[in-house]
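The data block below is run_17.cif; it holds mmCIF, C-alpha atoms.
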data_structure
loop_
_atom_site.label_atom_id
_atom_site.label_comp_id
_atom_site.auth_asym_id
_atom_site.auth_seq_id
_atom_site.Cartn_x
_atom_site.Cartn_y
_atom_site.Cartn_z
CA MET A 6 17.86 -17.37 0.46
CA ILE A 7 18.85 -13.88 -0.77
CA PRO A 8 17.34 -14.42 -4.26
CA PHE A 9 14.08 -15.56 -2.63
CA LEU A 10 14.01 -12.44 -0.43
CA ARG A 11 14.50 -10.40 -3.60
CA LEU A 12 11.64 -12.30 -5.24
CA ILE A 13 9.17 -11.51 -2.44
CA ARG A 14 10.33 -7.84 -2.32
CA LEU A 15 11.57 -7.73 1.27
CA LYS A 16 11.63 -3.91 1.26
CA ASN A 17 7.95 -3.74 0.30
CA LEU A 18 7.03 -6.28 2.97
CA LEU A 19 9.00 -4.28 5.54
CA ALA A 20 6.99 -1.18 4.52
CA ILE A 21 3.73 -3.10 5.13
CA PHE A 22 5.03 -4.22 8.54
CA ILE A 23 6.01 -0.65 9.50
CA ALA A 24 2.67 0.73 8.26
CA MET A 25 0.49 -1.75 10.16
CA ILE A 26 2.49 -1.51 13.39
CA GLY A 27 2.54 2.27 13.00
CA ALA A 28 -1.23 2.51 12.53
CA ALA A 29 -1.85 0.39 15.65
CA TYR A 30 0.68 2.44 17.63
CA PHE A 31 -0.89 5.71 16.43
CA LEU A 32 -4.39 4.65 17.50
CA HIS A 33 -3.14 3.69 20.96
CA LYS A 34 -1.08 6.88 21.30
CA GLU A 35 -3.83 9.27 20.16
CA ASN A 36 -6.52 7.58 22.26
CA LYS A 37 -4.51 6.87 25.41
CA ASP A 38 -7.32 8.16 27.66
CA GLN A 39 -9.73 5.50 26.38
CA TYR A 40 -9.85 1.78 27.08
CA ILE A 41 -8.94 -0.03 23.85
CA ASP A 42 -9.54 -3.73 23.28
CA PHE A 43 -6.47 -5.13 21.56
CA ASN A 44 -5.19 -8.68 21.22
CA ALA A 45 -1.47 -8.62 20.35
CA PHE A 46 -1.42 -12.27 19.24
CA HIS A 47 -4.39 -11.89 16.89
CA PHE A 48 -3.02 -8.63 15.51
CA GLY A 49 0.27 -10.44 14.92
CA LEU A 50 -1.63 -13.09 12.95
CA LEU A 51 -3.31 -10.37 10.90
CA LEU A 52 0.06 -8.75 10.26
CA PHE A 53 1.66 -12.07 9.27
CA SER A 54 -1.20 -13.08 6.95
CA THR A 55 -1.17 -9.69 5.20
CA ILE A 56 2.59 -9.87 4.65
CA ILE A 57 2.61 -13.41 3.24
CA ILE A 58 -0.29 -12.62 0.88
CA ALA A 59 1.69 -9.61 -0.35
CA ALA A 60 4.75 -11.87 -0.77
CA ALA A 61 2.62 -14.32 -2.79
CA GLY A 62 1.51 -11.42 -4.98
CA HIS A 63 5.09 -10.41 -5.68
CA ILE A 64 5.95 -13.99 -6.65
CA ILE A 65 3.06 -14.34 -9.08
CA ASN A 66 3.81 -10.91 -10.52
CA ASP A 67 7.35 -11.99 -11.37
CA TYR A 68 5.98 -15.23 -12.84
CA PHE A 69 3.79 -13.38 -15.35
CA ASP A 70 6.40 -10.63 -15.92
CA LEU A 71 9.25 -12.98 -16.73
CA LYS A 72 9.50 -12.04 -20.40
CA ALA A 73 9.47 -8.28 -19.69
CA ASP A 74 11.90 -8.58 -16.75
CA ARG A 75 14.48 -10.20 -19.00
CA ILE A 76 14.61 -6.82 -20.78
CA ASN A 77 13.89 -4.36 -17.95
CA LYS A 78 15.98 -5.84 -15.12
CA PRO A 79 17.97 -8.91 -16.22
CA GLU A 80 20.43 -8.49 -13.33
CA ALA A 81 17.60 -8.84 -10.76
CA LEU A 82 15.99 -11.90 -12.37
CA VAL A 83 15.21 -14.68 -9.87
CA LEU A 84 12.80 -17.05 -11.64
CA THR A 85 14.48 -19.52 -14.02
CA LYS A 86 17.85 -18.30 -12.70
CA TYR A 87 17.53 -19.32 -9.03
CA MET A 88 14.04 -20.84 -8.82
CA ASN A 89 11.97 -23.01 -11.13
CA LYS A 90 8.69 -21.46 -12.28
CA ARG A 91 6.73 -24.41 -10.89
CA TRP A 92 8.15 -23.77 -7.42
CA ALA A 93 7.05 -20.15 -7.74
CA ILE A 94 3.45 -21.21 -8.43
CA LEU A 95 3.57 -23.64 -5.49
CA ALA A 96 4.96 -20.94 -3.17
CA ASN A 97 2.19 -18.57 -4.28
CA TRP A 98 -0.53 -21.10 -3.47
CA ILE A 99 0.98 -22.07 -0.10
CA LEU A 100 1.40 -18.48 1.07
CA ASN A 101 -2.09 -17.49 -0.09
CA GLY A 102 -3.54 -20.62 1.53
CA VAL A 103 -1.92 -19.96 4.90
CA GLY A 104 -2.97 -16.29 4.77
CA PHE A 105 -6.57 -17.21 3.98
CA LEU A 106 -6.70 -19.83 6.78
CA ILE A 107 -5.58 -17.14 9.25
CA ALA A 108 -8.33 -14.86 7.91
CA LEU A 109 -10.86 -17.67 8.45
CA PHE A 110 -9.71 -18.05 12.05
CA LEU A 111 -9.91 -14.32 12.77
CA SER A 112 -13.33 -13.99 11.14
CA TRP A 113 -14.64 -16.98 13.09
CA ASN A 114 -13.13 -15.75 16.35
CA TYR A 115 -14.57 -12.23 16.06
CA GLU A 116 -17.76 -13.21 14.21
CA SER A 117 -16.96 -10.80 11.40
CA LEU A 118 -16.48 -11.44 7.68
CA VAL A 119 -14.21 -8.42 7.25
CA PHE A 120 -10.96 -10.43 7.46
CA ILE A 121 -12.10 -13.06 4.94
CA PHE A 122 -13.38 -10.33 2.61
CA VAL A 123 -10.19 -8.23 2.69
CA HIS A 124 -7.84 -11.21 2.34
CA LEU A 125 -9.83 -12.70 -0.53
CA LEU A 126 -9.95 -9.29 -2.17
CA GLY A 127 -6.18 -8.89 -1.81
CA ILE A 128 -5.42 -12.39 -3.16
CA ASN A 129 -7.67 -11.93 -6.20
CA LEU A 130 -6.58 -8.38 -6.95
CA LEU A 131 -2.90 -9.41 -6.90
CA TRP A 132 -3.55 -12.43 -9.12
CA PHE A 133 -5.70 -10.64 -11.71
CA TYR A 134 -3.37 -7.65 -11.70
CA SER A 135 -0.39 -9.86 -12.51
CA ALA A 136 -2.19 -12.05 -15.05
CA TYR A 137 -4.38 -9.52 -16.88
CA TRP A 138 -4.89 -6.03 -15.51
CA LYS A 139 -1.24 -4.96 -15.54
CA ARG A 140 -1.45 -4.83 -19.32
CA LYS A 141 -4.63 -2.71 -19.26
CA LEU A 142 -4.53 1.05 -19.52
CA VAL A 143 -4.87 2.76 -16.08
CA LEU A 144 -6.55 -0.26 -14.39
CA GLY A 145 -3.33 -2.05 -13.43
CA ALA A 146 -1.71 1.05 -11.93
CA VAL A 147 -4.88 1.97 -10.00
CA VAL A 148 -5.30 -1.53 -8.54
CA LEU A 149 -1.69 -1.76 -7.38
CA ALA A 150 -1.75 1.77 -5.94
CA ALA A 151 -4.90 1.00 -3.93
CA LEU A 152 -3.46 -2.01 -2.08
CA PRO A 153 -1.08 -0.15 0.32
CA GLY A 154 -3.97 2.04 1.46
CA LEU A 155 -6.11 -1.06 1.95
CA VAL A 156 -3.55 -2.30 4.47
CA LEU A 157 -4.10 0.80 6.62
CA PHE A 158 -7.87 0.51 6.31
CA LEU A 159 -7.57 -3.13 7.44
CA VAL A 160 -5.87 -2.06 10.69
CA CYS A 161 -8.67 0.43 11.38
CA TRP A 162 -11.31 -2.22 10.68
CA TYR A 163 -9.53 -4.59 13.07
CA PHE A 164 -9.81 -2.00 15.86
CA GLN A 165 -13.45 -1.36 14.98
CA VAL A 166 -14.30 -5.07 15.13
CA LEU A 167 -12.71 -5.33 18.59
CA ASN A 168 -14.02 -2.08 20.05
CA GLU A 169 -17.36 -1.19 18.48
CA ASN A 170 -20.29 -3.39 19.47
CA SER A 171 -23.61 -3.64 17.64
CA ALA A 172 -25.39 -5.11 20.69
CA ALA A 173 -27.70 -2.93 22.75
CA PHE A 174 -25.70 -1.09 25.40
CA SER A 175 -26.03 -2.30 28.97
CA PRO A 176 -24.09 -0.71 31.87
CA TYR A 177 -24.06 -4.12 33.56
CA HIS A 178 -22.48 -6.11 30.70
CA ALA A 179 -18.99 -5.06 29.68
CA GLN A 180 -19.22 -7.01 26.41
CA THR A 181 -21.81 -4.48 25.15
CA TRP A 182 -19.60 -1.45 25.79
CA SER A 183 -18.03 0.31 22.81
CA THR A 184 -14.97 2.46 22.33
CA TYR A 185 -15.13 4.79 19.33
CA LEU A 186 -11.69 5.79 18.09
CA ASP A 187 -10.74 8.60 15.73
CA TYR A 188 -9.51 7.00 12.49
CA ARG A 189 -9.53 10.13 10.34
CA PHE A 190 -5.78 10.67 10.18
CA ILE A 191 -5.16 7.01 9.27
CA TYR A 192 -7.75 7.29 6.49
CA PHE A 193 -6.09 10.49 5.31
CA VAL A 194 -2.68 8.78 5.17
CA ALA A 195 -4.23 5.80 3.32
CA ILE A 196 -5.79 8.03 0.65
CA CYS A 197 -2.55 9.99 0.26
CA ALA A 198 -0.71 6.66 -0.06
CA PHE A 199 -2.99 5.78 -2.98
CA PHE A 200 -2.10 8.98 -4.86
CA ILE A 201 1.62 8.64 -4.13
CA ASN A 202 1.74 4.98 -5.15
CA LEU A 203 -0.27 5.70 -8.32
CA SER A 204 2.33 8.30 -9.26
CA ARG A 205 5.09 5.84 -8.35
CA GLU A 206 3.58 3.15 -10.61
CA ILE A 207 3.42 5.56 -13.55
CA ILE A 208 7.06 6.56 -13.00
CA LYS A 209 8.03 2.88 -12.77
CA ASP A 210 6.18 2.17 -16.03
CA ILE A 211 8.20 4.92 -17.74
CA HIS A 212 11.40 3.04 -16.93
CA ASP A 213 9.83 -0.30 -17.89
CA MET A 214 8.68 0.79 -21.36
CA PRO A 215 11.12 -1.45 -23.33
CA GLY A 216 9.97 -4.65 -21.59
CA ASP A 217 6.33 -3.57 -21.58
CA ALA A 218 6.51 -3.11 -25.34
CA LEU A 219 7.68 -6.71 -25.66
CA ILE A 220 4.59 -8.06 -23.84
CA ASN A 221 2.30 -5.40 -25.38
CA ALA A 222 1.31 -3.94 -22.01
CA HIS A 223 -0.95 -0.89 -22.48
CA THR A 224 0.62 1.23 -19.77
CA ILE A 225 0.07 4.97 -19.47
CA PRO A 226 3.62 5.93 -20.65
CA ARG A 227 3.26 3.70 -23.74
CA GLN A 228 -0.06 5.31 -24.63
CA ILE A 229 0.72 9.00 -24.07
CA GLY A 230 4.52 9.06 -24.12
CA ALA A 231 7.13 9.26 -21.38
CA LYS A 232 7.12 13.08 -21.13
CA LYS A 233 3.34 13.42 -20.70
CA ALA A 234 3.29 10.46 -18.30
CA GLN A 235 5.96 12.20 -16.23
CA PHE A 236 3.79 15.32 -16.06
CA MET A 237 0.73 13.23 -15.11
CA ALA A 238 2.65 11.55 -12.29
CA LEU A 239 3.71 14.95 -10.93
CA LEU A 240 0.14 16.30 -11.14
CA ILE A 241 -1.14 13.28 -9.19
CA LEU A 242 1.42 14.08 -6.48
CA GLN A 243 -0.29 17.44 -5.96
CA LEU A 244 -3.58 15.74 -4.96
CA PRO A 245 -2.64 15.03 -1.29
CA GLY A 246 -2.15 18.77 -0.79
CA PHE A 247 -5.53 19.55 -2.38
CA LEU A 248 -7.15 16.85 -0.25
CA PHE A 249 -5.72 18.41 2.93
CA LEU A 250 -6.93 21.88 1.95
CA LEU A 251 -10.38 20.46 1.18
CA LEU A 252 -10.55 18.76 4.58
CA GLN A 253 -9.48 22.00 6.26
CA LEU A 254 -12.23 23.96 4.51
CA MET A 255 -15.04 21.45 4.97
CA THR A 256 -14.29 19.73 8.32
CA ASN A 257 -12.44 20.23 11.60
CA PHE A 258 -9.64 17.90 10.51
CA GLU A 259 -6.30 18.69 12.17
CA LEU A 260 -2.83 17.18 11.94
CA PRO A 261 -1.98 15.46 15.25
CA THR A 262 1.57 16.68 15.98
CA THR A 263 4.14 19.28 14.99
CA TYR A 264 6.32 16.56 13.48
CA VAL A 265 3.44 15.47 11.21
CA LYS A 266 3.01 19.07 10.04
CA LEU A 267 6.72 19.33 9.26
CA ALA A 268 6.91 15.92 7.55
CA LEU A 269 3.86 16.49 5.36
CA GLY A 270 5.11 19.99 4.62
CA ALA A 271 8.43 18.50 3.47
CA ALA A 272 6.58 15.99 1.28
CA GLU A 273 4.48 18.75 -0.29
CA THR A 274 7.65 20.77 -0.94
CA LEU A 275 9.04 17.74 -2.80
CA PHE A 276 5.87 17.49 -4.89
CA ILE A 277 5.83 21.16 -5.85
CA GLY A 278 9.60 21.07 -6.43
CA GLY A 279 9.19 18.13 -8.79
CA LEU A 280 6.58 20.02 -10.81
CA ALA A 281 8.85 23.08 -10.93
CA ALA A 282 11.77 20.91 -12.05
CA TYR A 283 9.60 19.50 -14.86
CA LEU A 284 9.20 23.02 -16.21
CA TRP A 285 12.67 24.48 -15.58
CA ALA A 286 15.15 21.65 -14.82
CA PRO A 287 14.05 18.53 -16.74
CA GLN A 288 17.51 16.92 -16.63
CA LEU A 289 17.61 17.20 -12.83
CA LEU A 290 14.09 15.79 -12.62
CA GLU A 291 15.03 12.84 -14.82
CA LYS A 292 17.77 11.95 -12.36
CA TYR A 293 15.74 12.22 -9.14
CA LEU A 294 12.11 11.65 -10.18
CA ARG A 295 11.91 8.12 -8.77
CA TRP A 296 13.03 9.36 -5.36
CA ILE A 297 10.15 11.82 -4.90
CA PRO A 298 7.35 9.29 -4.18
CA THR A 299 9.77 7.05 -2.26
CA LEU A 300 10.74 9.86 0.11
CA ALA A 301 7.09 10.87 0.46
CA ILE A 302 6.18 7.32 1.52
CA ILE A 303 8.94 7.42 4.15
CA PHE A 304 7.64 10.75 5.46
CA GLY A 305 4.11 9.32 5.61
CA LEU A 306 5.14 6.21 7.51
CA THR A 307 7.11 8.18 10.10
CA CYS A 308 4.01 10.34 10.72
CA LEU A 309 2.36 7.32 12.33
CA TYR A 310 5.08 7.16 15.00
CA PHE A 311 5.96 10.78 15.85
#

What do you get writing this file as structure tokens?
Amino acid sequence: MIPFLRLIRLKNLLAIFIAMIGAAYFLHKENKDQYIDFNAFHFGLLLFSTIIIAAAGHIINDYFDLKADRINKPEALVLTKYMNKRWAILANWILNGVGFLIALFLSWNYESLVFIFVHLLGINLLWFYSAYWKRKLVLGAVVLAALPGLVLFLVCWYFQVLNENSAAFSPYHAQTWSTYLDYRFIYFVAICAFFINLSREIIKDIHDMPGDALINAHTIPRQIGAKKAQFMALLILQLPGFLFLLLQLMTNFELPTTYVKLALGAAETLFIGGLAAYLWAPQLLEKYLRWIPTLAIIFGLTCLYF
């Protein structure tokens, strides 16, 4: 059981669970004066289907990465050591199939194609990333970095489907009433998650260079070198701060709580500190670089709750 949990990346699945629950909690908390349509059972189905599709993606990724993983992380190898490759393919198809059937049910129930579209998109992106795009310059890292943000967008779209009605408004028919929620902070977190995960993927590719060379993967570190890739990853981490400043200058966007201000301030301090360490303490940066995006993700997730 433990090797299988390692195969499906239990920590990553837990992050998806925390993010989706956190987004739903945030929308309820920040709009407590409004009536919000919310079906806990259907949201649970959406949560479950998203998690098992992500698990299927991790399985198929390990299937196609087997040769590289024998070099990069032989101690963490699960396929061929604890599970036959054929069982991995079967598990991938079963999990994707169950996730897609749930999406069909939700789309039919709410008369919206958004759930089918997002689940099909996720299944195909994870498959093509693992089979082909991971070896392509930039494309693989961008695709994988976009998926965590898509999870947060999916929660917002779920609330929109339930609460925003396209029928003509009638004061006598409750089914035509709409509740318009403020999704801006969730969207902001989702876009920041993209930048942070893109940086994280580049940093991961730096450490995976020996195995990636074996399978001829055209990753950013292999094309421009580990040092320049490190600098690129740190520059990308500065983009959430620029995005926030841009929103402040062009809109009335505000952070919801004092905790959020402190948490995002701490994350930005990490980003700037990492860039400073690149210039003046490269040995220290080499030791702690992988922790910078990880800590930033933790800060971002907690912002949904406090």

Output check: residues returned by the PyMOL selection byres ((chain A and resi 296) around 12), as number ranges by chain = A: 201, 204-205, 208-209, 272, 275-276, 279, 289-295, 297-303

Got time to write the residues from that selection, C-alpha atoms, as a PDB file, in the coordinates of the input?
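For reference, out.pdb as written:
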ATOM      1  CA  ILE A 201       1.620   8.640  -4.130  1.00  0.00           C
ATOM      2  CA  SER A 204       2.330   8.300  -9.260  1.00  0.00           C
ATOM      3  CA  ARG A 205       5.090   5.840  -8.350  1.00  0.00           C
ATOM      4  CA  ILE A 208       7.060   6.560 -13.000  1.00  0.00           C
ATOM      5  CA  LYS A 209       8.030   2.880 -12.770  1.00  0.00           C
ATOM      6  CA  ALA A 272       6.580  15.990   1.280  1.00  0.00           C
ATOM      7  CA  LEU A 275       9.040  17.740  -2.800  1.00  0.00           C
ATOM      8  CA  PHE A 276       5.870  17.490  -4.890  1.00  0.00           C
ATOM      9  CA  GLY A 279       9.190  18.130  -8.790  1.00  0.00           C
ATOM     10  CA  LEU A 289      17.610  17.200 -12.830  1.00  0.00           C
ATOM     11  CA  LEU A 290      14.090  15.790 -12.620  1.00  0.00           C
ATOM     12  CA  GLU A 291      15.030  12.840 -14.820  1.00  0.00           C
ATOM     13  CA  LYS A 292      17.770  11.950 -12.360  1.00  0.00           C
ATOM     14  CA  TYR A 293      15.740  12.220  -9.140  1.00  0.00           C
ATOM     15  CA  LEU A 294      12.110  11.650 -10.180  1.00  0.00           C
ATOM     16  CA  ARG A 295      11.910   8.120  -8.770  1.00  0.00           C
ATOM     17  CA  ILE A 297      10.150  11.820  -4.900  1.00  0.00           C
ATOM     18  CA  PRO A 298       7.350   9.290  -4.180  1.00  0.00           C
ATOM     19  CA  THR A 299       9.770   7.050  -2.260  1.00  0.00           C
ATOM     20  CA  LEU A 300      10.740   9.860   0.110  1.00  0.00           C
ATOM     21  CA  ALA A 301       7.090  10.870   0.460  1.00  0.00           C
ATOM     22  CA  ILE A 302       6.180   7.320   1.520  1.00  0.00           C
ATOM     23  CA  ILE A 303       8.940   7.420   4.150  1.00  0.00           C
TER      24      ILE A 303
END

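Distances to A:Ile196 were evaluated for A:Pro287, A:Gly246, A:Gly49, A:Ala281 using all atoms listed in the file, and the minimum falls at A:Gly246.
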
A straight line from atom CA of A:Glu116 to atom CA of A:Ser54 spans 18.1 Å

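With all atoms listed in the file as the basis for measurement, A:Leu269 is the residue among A:Leu126, A:Ile211, A:Ala20, A:Leu269 that approaches A:Cys308 most closely.
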
At what distance in Å, to one decimal, does atom CA of A:Tyr163 lie from atom CA of A:Glu35?
->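 The value is 16.6 Å.
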
So how many Å separate atom CA of A:Leu250 and atom CA of A:Phe190, to one decimal?
->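 Here the two named atoms are 14.0 Å from each other.
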
Of the candidates A:Val160, A:Ala96, A:Leu142, A:Ala45, which shows the shortest atom-to-atom distance to A:Gln228, using all atoms listed in the file?
-> A:Leu142

Shell of 12 Å around A:Leu125, all atoms listed in the file, local chain residues under 2 positions omitted, as a PyMOL selection string | chain A and resi 54-55+58-59+101-102+104-109+118-123+127-132

Could you tell me which residues the PyMOL selection byres ((chain A and resi 31) around 10) returns for this structure, as JSON, numbers by chain?
-> {"A": [25, 26, 27, 28, 29, 30, 32, 33, 34, 35, 36, 37, 188, 190, 191, 261, 308, 309, 310, 311]}

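Nearest to A:His63 of all the residues A:Val103, A:Leu111, A:Leu10, A:Leu50 is A:Leu10, based on only C-alpha atoms.
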
Considering all atoms listed in the file, state which residue in the set A:Ile65, A:Leu155, A:Leu244, A:Val194 is at the smallest distance from A:Ala136.
->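 Looking only at the distances to A:Ala136, the closest residue turns out to be A:Ile65.
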
Taking (-11.8, 2.2, 26.3) in the file's coordinates, which residues come within 9 Å, counting all atoms listed in the file, written as JSON, numbers by chain?
-> {"A": [36, 37, 38, 39, 40, 41, 42, 168, 182, 183, 184, 185, 186]}

Using C-alpha atoms, can you export the residues from the last selection as a CSV table (one decimal), keeping the file's coordinate frame?
chain,number,residue,atom,x,y,z
A,36,ASN,CA,-6.5,7.6,22.3
A,37,LYS,CA,-4.5,6.9,25.4
A,38,ASP,CA,-7.3,8.2,27.7
A,39,GLN,CA,-9.7,5.5,26.4
A,40,TYR,CA,-9.8,1.8,27.1
A,41,ILE,CA,-8.9,0.0,23.8
A,42,ASP,CA,-9.5,-3.7,23.3
A,168,ASN,CA,-14.0,-2.1,20.0
A,182,TRP,CA,-19.6,-1.4,25.8
A,183,SER,CA,-18.0,0.3,22.8
A,184,THR,CA,-15.0,2.5,22.3
A,185,TYR,CA,-15.1,4.8,19.3
A,186,LEU,CA,-11.7,5.8,18.1

Test item: residues at most 10 Å from A:Leu248, all atoms listed in the file, excluding those fewer than 5 positions along its chain, as an MDAnalysis selection string = chainID A and resid 193 196:197 243 253:254

Please write the residues picked by the PyMOL selection byres ((chain A and resi 146) around 9) on this file as a ChimeraX atom specification.
-> /A:134,138-139,141-145,147-151,202-204,206-207,210,224-225

Of the candidates A:Trp113, A:Asn221, A:Leu159, A:Tyr283, which one gets nearest to A:Phe48 if we count only C-alpha atoms?
->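 Selected residue with least distance to A:Phe48: A:Leu159.
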